[in-house]
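Note sheet for the following structure.
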Amino acid sequence: DANFHTNDVSVRGAGPVTKYARRYHAEEWLMDYYNPKEVGQSLAFTMLKLFDPTLNPDLEPPPEALNLIPLYHQPNTVECQLPGGYNYLQVEKAMVPTTIDQLKSEPNYGLEFVTDLPETGYFRLHINQYGKVETITCLTKNTIDSSNMCDLYGTHERYLNNLESRFTRGLIPDFYSYFRQPWCMMIFHDRFADFTQEIREIMLARQSENTPSPEEFARSLIDEDIPIKLAQLDDIRRLFKKGSYKHTLETRILSYLSYNYYHLPMYAKPGMVA
C-alpha cells in the first residue's frame with residue numbers, strides 16, 4: 001500500500017518487483033519509475049517507527065482515508081559510458097515512460113534548448129511551463145560534472161542567469177562552459193536549496209495584517225490555470241517594491257554569501273571595493 005505494507009503485516013515491500021494494490025487504480029505507476037534513493041528513504045522513515053520504544057507496533061495496517069499513492073519529487077538519473085568513449089547523463093522527472101514525441105505534443109510541454117559543439121558535445125535542457133529545469137541530457141567525450149548537473153534539476157531559469165533570455169539572444173553557444181562560469185557556483189553549493197526555501201518564506205510572510213504577501217496577492221489574481229496578464233504582473237511588482245521585501249532579500253543574500261564565503265570567494269561583498 002502507500003505505506004509499503006504487504007499482505008503480511010510483518011513484511012514491507014518496495015522497489016521494481018512490487019506494485020500497488022488494485023484499490024489504488026494505479027497499475028501503470030510502478031515504483032520502478034521513481035528515484036530509488038527517495039523510495040528507500042521513505043521506506044526507512046516508516047521503518048523507524050518500529051524501533052521507537054514509545055510506540056506500539058501496528059497489528060495490522062492502519063486504515064487510509066483516501067486511497068492515494070505517495071508523491072515522489074526527486075528525478076531519475078541515468079549515467080553511463082557508451083562505446084566510442086562517450087559519457088552519457090540523463091536527468092528527468094519521474095513519470096510513466098513515454099516517447100519524446102508524445103511529450104512534445106502536449107500543449108504545456110515548455111521549451112527546449114540545445115547546444116552541440118564538436119569540441120564539447122551535446123547538451124539538452126528542457127524547461128517546463130513553469131520555467132523550471134525538468135530534463136537534462138548530456139552526451140560528450142569529456143568528463144561530465146554529474147553532481148552539478150543534477151543540481152540544475154528543478155531550478156528556475158531565472159536562477160540560471162536568465163537562461164531563457166540569454167539563449168534566445170544567442171549568448172550561450174555551449175552549456176558545458178556556461179555552467180562552469182563563476183556566477184553559477186552558488187547554485188551548486190550544498191546549502192543553496194535551504195537558501196531558496198528561506199527566500200520563499202520571506203515572500204510568503206505578510207508585512208502587515210491588512211497587506212497580503214506577494215504570493216498571496218499573486219494567487220488572488222490567478223483564476224485556476226489562466227496566465228497572469230502583464231498589468232497584473234505590474235501590480236505584483238508594485239507590491240514588492242512598496243514593502244521591504246527587496247531590502248530583506250538583498251540582506252539575506254549578502255548574509256548567505258558572507259557565511260559561505262570560504263566556498264564562494266568569487267562573489268563581491270560590501271566593503272571589497274574602495
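By convention in this document, the chains of the C-alpha cells carry letters A, B, ... by their order, each chain's residues are numbered from 1, and ligands are numbered from 1 in the order they are shown.
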With segment 36-55 of chain A as the partner and 12 Å as the cut-off, tabulate the residues of segment 76-99 of chain A that qualify, each row holding the nearest pair of atoms and their distance in Å to one decimal, using only C-alpha atoms, sorted by chain and rising number, as a tab-separated table.
residue	atom	partner	partner_atom	distance
A:Asn76	CA	A:Pro36	CA	8.2
A:Thr77	CA	A:Pro36	CA	9.8
A:Val78	CA	A:Pro36	CA	11.8
A:Ala94	CA	A:Pro36	CA	10.4
How would the residues just picked look written out with all heavy atoms as a compact mmCIF listing (two decimals), in the first residue's frame?
# COMPACT_ATOMS: atom_id res chain seq x y z
N ASN A 76 14.82 10.94 -11.80
CA ASN A 76 15.54 9.72 -12.14
C ASN A 76 16.81 10.10 -12.89
O ASN A 76 16.80 10.99 -13.75
CB ASN A 76 14.69 8.81 -13.01
CG ASN A 76 13.63 8.08 -12.21
OD1 ASN A 76 13.84 7.74 -11.06
ND2 ASN A 76 12.47 7.85 -12.81
N THR A 77 17.90 9.44 -12.56
CA THR A 77 19.19 9.76 -13.14
C THR A 77 19.80 8.50 -13.75
O THR A 77 19.84 7.45 -13.11
CB THR A 77 20.15 10.33 -12.09
OG1 THR A 77 19.56 11.49 -11.50
CG2 THR A 77 21.48 10.73 -12.71
N VAL A 78 20.27 8.62 -14.99
CA VAL A 78 20.98 7.54 -15.67
C VAL A 78 22.32 8.09 -16.12
O VAL A 78 22.39 9.09 -16.83
CB VAL A 78 20.19 7.02 -16.90
CG1 VAL A 78 21.01 5.95 -17.63
CG2 VAL A 78 18.85 6.46 -16.47
N ALA A 94 10.44 11.91 -12.71
CA ALA A 94 9.91 10.56 -12.52
C ALA A 94 8.49 10.49 -13.06
O ALA A 94 7.61 11.25 -12.62
CB ALA A 94 9.94 10.17 -11.04
Within segment 15-235 of chain A, find each residue whose DSSP state, derived from the backbone, is alpha helix (DSSP H), and express the selection as a ChimeraX atom specification. /A:36-48,100-104,146-151,163-168,175-178,192-204,214-221,230-235
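Residue neighbourhood of Phe188 of chain A, excluding near-sequence residues (fewer than 5 positions): Asp145, Ser146, Ser147, Asn148, Met149, Cys150, Asp151, Leu152, Tyr153, Thr155, Tyr159, Leu160, Phe179, Arg180, Gln181, Pro182, Trp183, Ala193, Phe195, His263 and Leu264 of chain A, at 12 Å, using only C-alpha atoms.
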Give me the residues near Asn260 of chain A as JSON, numbers by chain, where near means some atom within 12 Å (using only C-alpha atoms) and where sequence neighbours in that chain fewer than 4 positions away do not count. {"A": [185, 186, 189, 190, 191, 192, 195, 253, 254, 255, 256, 264, 265, 266, 267, 269]}
Selection from above, C-alpha atoms, as a short mmCIF file (atom, residue, chain, number, x, y, z; two decimals), in the first residue's frame, can you write it?
data_model
loop_
_atom_site.label_atom_id
_atom_site.label_comp_id
_atom_site.auth_asym_id
_atom_site.auth_seq_id
_atom_site.Cartn_x
_atom_site.Cartn_y
_atom_site.Cartn_z
CA MET A 185 28.92 28.24 -8.18
CA MET A 186 26.34 29.47 -5.68
CA HIS A 189 26.56 24.85 -3.20
CA ASP A 190 25.06 22.25 -0.87
CA ARG A 191 23.18 24.93 1.12
CA PHE A 192 21.54 26.55 -1.91
CA PHE A 195 18.64 29.32 0.90
CA ILE A 253 21.61 37.11 0.02
CA LEU A 254 24.58 39.06 1.37
CA SER A 255 24.36 37.13 4.63
CA TYR A 256 24.37 33.84 2.73
CA LEU A 264 32.17 31.20 -2.70
CA PRO A 265 35.06 33.70 -2.93
CA MET A 266 34.13 34.69 -6.49
CA TYR A 267 31.25 36.92 -5.32
CA LYS A 269 30.76 41.72 -0.84
#
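Close contacts of segment 63-73 of chain A, defined as residues with an atom at most 9 Å away when counting only C-alpha atoms, with chain neighbours fewer than 5 positions off set aside, comprise Asp1, Ala2, Asn3, Tyr20, Arg23, Tyr24, His25, Ala26, Trp29, Tyr34, Asn35, Glu38, Val39, Lys93 and Ala94 of chain A.
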Looking at only C-alpha atoms, which of A:Met95, A:Leu204, A:Leu111, A:Leu139 is the one that sits closest to Glu164 of chain A? A:Leu111
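Proximity to Tyr130 of chain A was assessed for A:Lys104, A:Arg252, A:Arg158, A:Lys19 counting only C-alpha atoms; the smallest distance is recorded for A:Arg158.
Between atom CA of Pro214 of chain A and atom CA of Lys132 of chain A the interatomic distance comes to 19.8 Å.
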Set the distance at 12 Å and use only C-alpha atoms: which residues neighbour Gln232 of chain A once local chain neighbours fewer than 2 positions away are removed? I'd like the list as a compact mmCIF listing (two decimals) with N, CA and C atoms, in the first residue's frame.
# COMPACT_ATOMS: atom_id res chain seq x y z
N PRO A 214 3.32 38.95 -1.32
CA PRO A 214 3.36 38.87 -2.79
C PRO A 214 2.76 37.57 -3.33
N PHE A 217 -1.04 37.68 -2.96
CA PHE A 217 -1.60 38.60 -3.95
C PHE A 217 -1.60 37.96 -5.33
N ALA A 218 -0.52 37.25 -5.66
CA ALA A 218 -0.45 36.58 -6.97
C ALA A 218 -1.51 35.50 -7.09
N ARG A 219 -1.71 34.74 -6.01
CA ARG A 219 -2.72 33.69 -6.04
C ARG A 219 -4.13 34.26 -6.20
N SER A 220 -4.36 35.42 -5.64
CA SER A 220 -5.68 36.04 -5.75
C SER A 220 -5.97 36.50 -7.18
N LEU A 221 -4.91 36.70 -7.96
CA LEU A 221 -5.09 37.16 -9.34
C LEU A 221 -5.25 36.01 -10.33
N ILE A 222 -4.86 34.83 -9.89
CA ILE A 222 -4.89 33.68 -10.80
C ILE A 222 -6.25 32.99 -10.70
N PRO A 227 -3.20 32.29 -17.35
CA PRO A 227 -1.94 33.02 -17.10
C PRO A 227 -2.20 34.44 -16.61
N ILE A 228 -1.27 34.94 -15.81
CA ILE A 228 -1.37 36.31 -15.30
C ILE A 228 -1.09 37.30 -16.43
N LYS A 229 -1.87 38.37 -16.49
CA LYS A 229 -1.68 39.39 -17.52
C LYS A 229 -0.55 40.34 -17.12
N LEU A 230 -0.04 41.08 -18.11
CA LEU A 230 1.07 42.00 -17.86
C LEU A 230 0.70 43.06 -16.83
N ASP A 234 2.52 43.89 -13.15
CA ASP A 234 2.93 45.22 -12.67
C ASP A 234 2.41 45.47 -11.26
N ASP A 235 1.20 45.00 -10.96
CA ASP A 235 0.65 45.15 -9.61
C ASP A 235 1.48 44.37 -8.59
N ILE A 236 1.92 43.18 -8.97
CA ILE A 236 2.75 42.37 -8.07
C ILE A 236 4.09 43.06 -7.84
N ARG A 237 4.67 43.62 -8.90
CA ARG A 237 5.96 44.32 -8.75
C ARG A 237 5.82 45.54 -7.84
N ARG A 238 4.71 46.25 -7.97
CA ARG A 238 4.49 47.43 -7.12
C ARG A 238 4.38 47.02 -5.65
N LEU A 239 3.70 45.89 -5.39
CA LEU A 239 3.59 45.41 -4.02
C LEU A 239 4.97 45.02 -3.48
Among A:Glu60, A:Glu92, A:Asp101, A:Asp194, Ile136 of chain A is approached most closely, using only C-alpha atoms, by A:Glu92
Which polymer residues have any atom within 9 Å of an atom of Pro173 of chain A, counting only C-alpha atoms, with same-chain residues fewer than 4 positions away left out, as a CSV table (one decimal) with N, CA and C atoms, in the first residue's frame?
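Contents of part.csv, as written:
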chain,number,residue,atom,x,y,z
A,115,THR,N,22.6,22.8,-27.2
A,115,THR,CA,23.9,23.2,-27.7
A,115,THR,C,24.7,21.9,-28.1
A,116,ASP,N,25.4,22.0,-29.2
A,116,ASP,CA,26.1,20.8,-29.7
A,116,ASP,C,27.3,21.2,-30.5
A,117,LEU,N,28.4,21.3,-29.8
A,117,LEU,CA,29.7,21.7,-30.4
A,117,LEU,C,30.6,20.5,-30.5
A,167,PHE,N,19.8,32.6,-24.0
A,167,PHE,CA,19.9,31.6,-25.1
A,167,PHE,C,19.2,32.1,-26.3
A,177,SER,N,30.4,25.0,-21.0
A,177,SER,CA,31.2,26.1,-20.5
A,177,SER,C,30.4,27.1,-19.7
A,178,TYR,N,29.1,27.2,-20.1
A,178,TYR,CA,28.2,28.2,-19.4
A,178,TYR,C,28.1,27.8,-17.9
Would you list, as an NGL selection string, the residues of segment 5-151 of chain A that end up in strand (DSSP E or B) under DSSP run on this structure's backbone? :A and (5 or 12 or 76-82 or 86-92 or 111-117 or 121-127 or 132-140)
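Closest approach to Cys80 of chain A among A:Thr135, A:Phe123, A:Thr140, A:Glu106: A:Thr140, based on only C-alpha atoms.
With atom CA of Asn161 of chain A on one side and atom CA of Cys184 of chain A on the other, the separation reads 8.0 Å.
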State, in Å with one decimal place, the distance from atom CA of Ile187 of chain A to atom CA of Lys241 of chain A. 25.4 Å
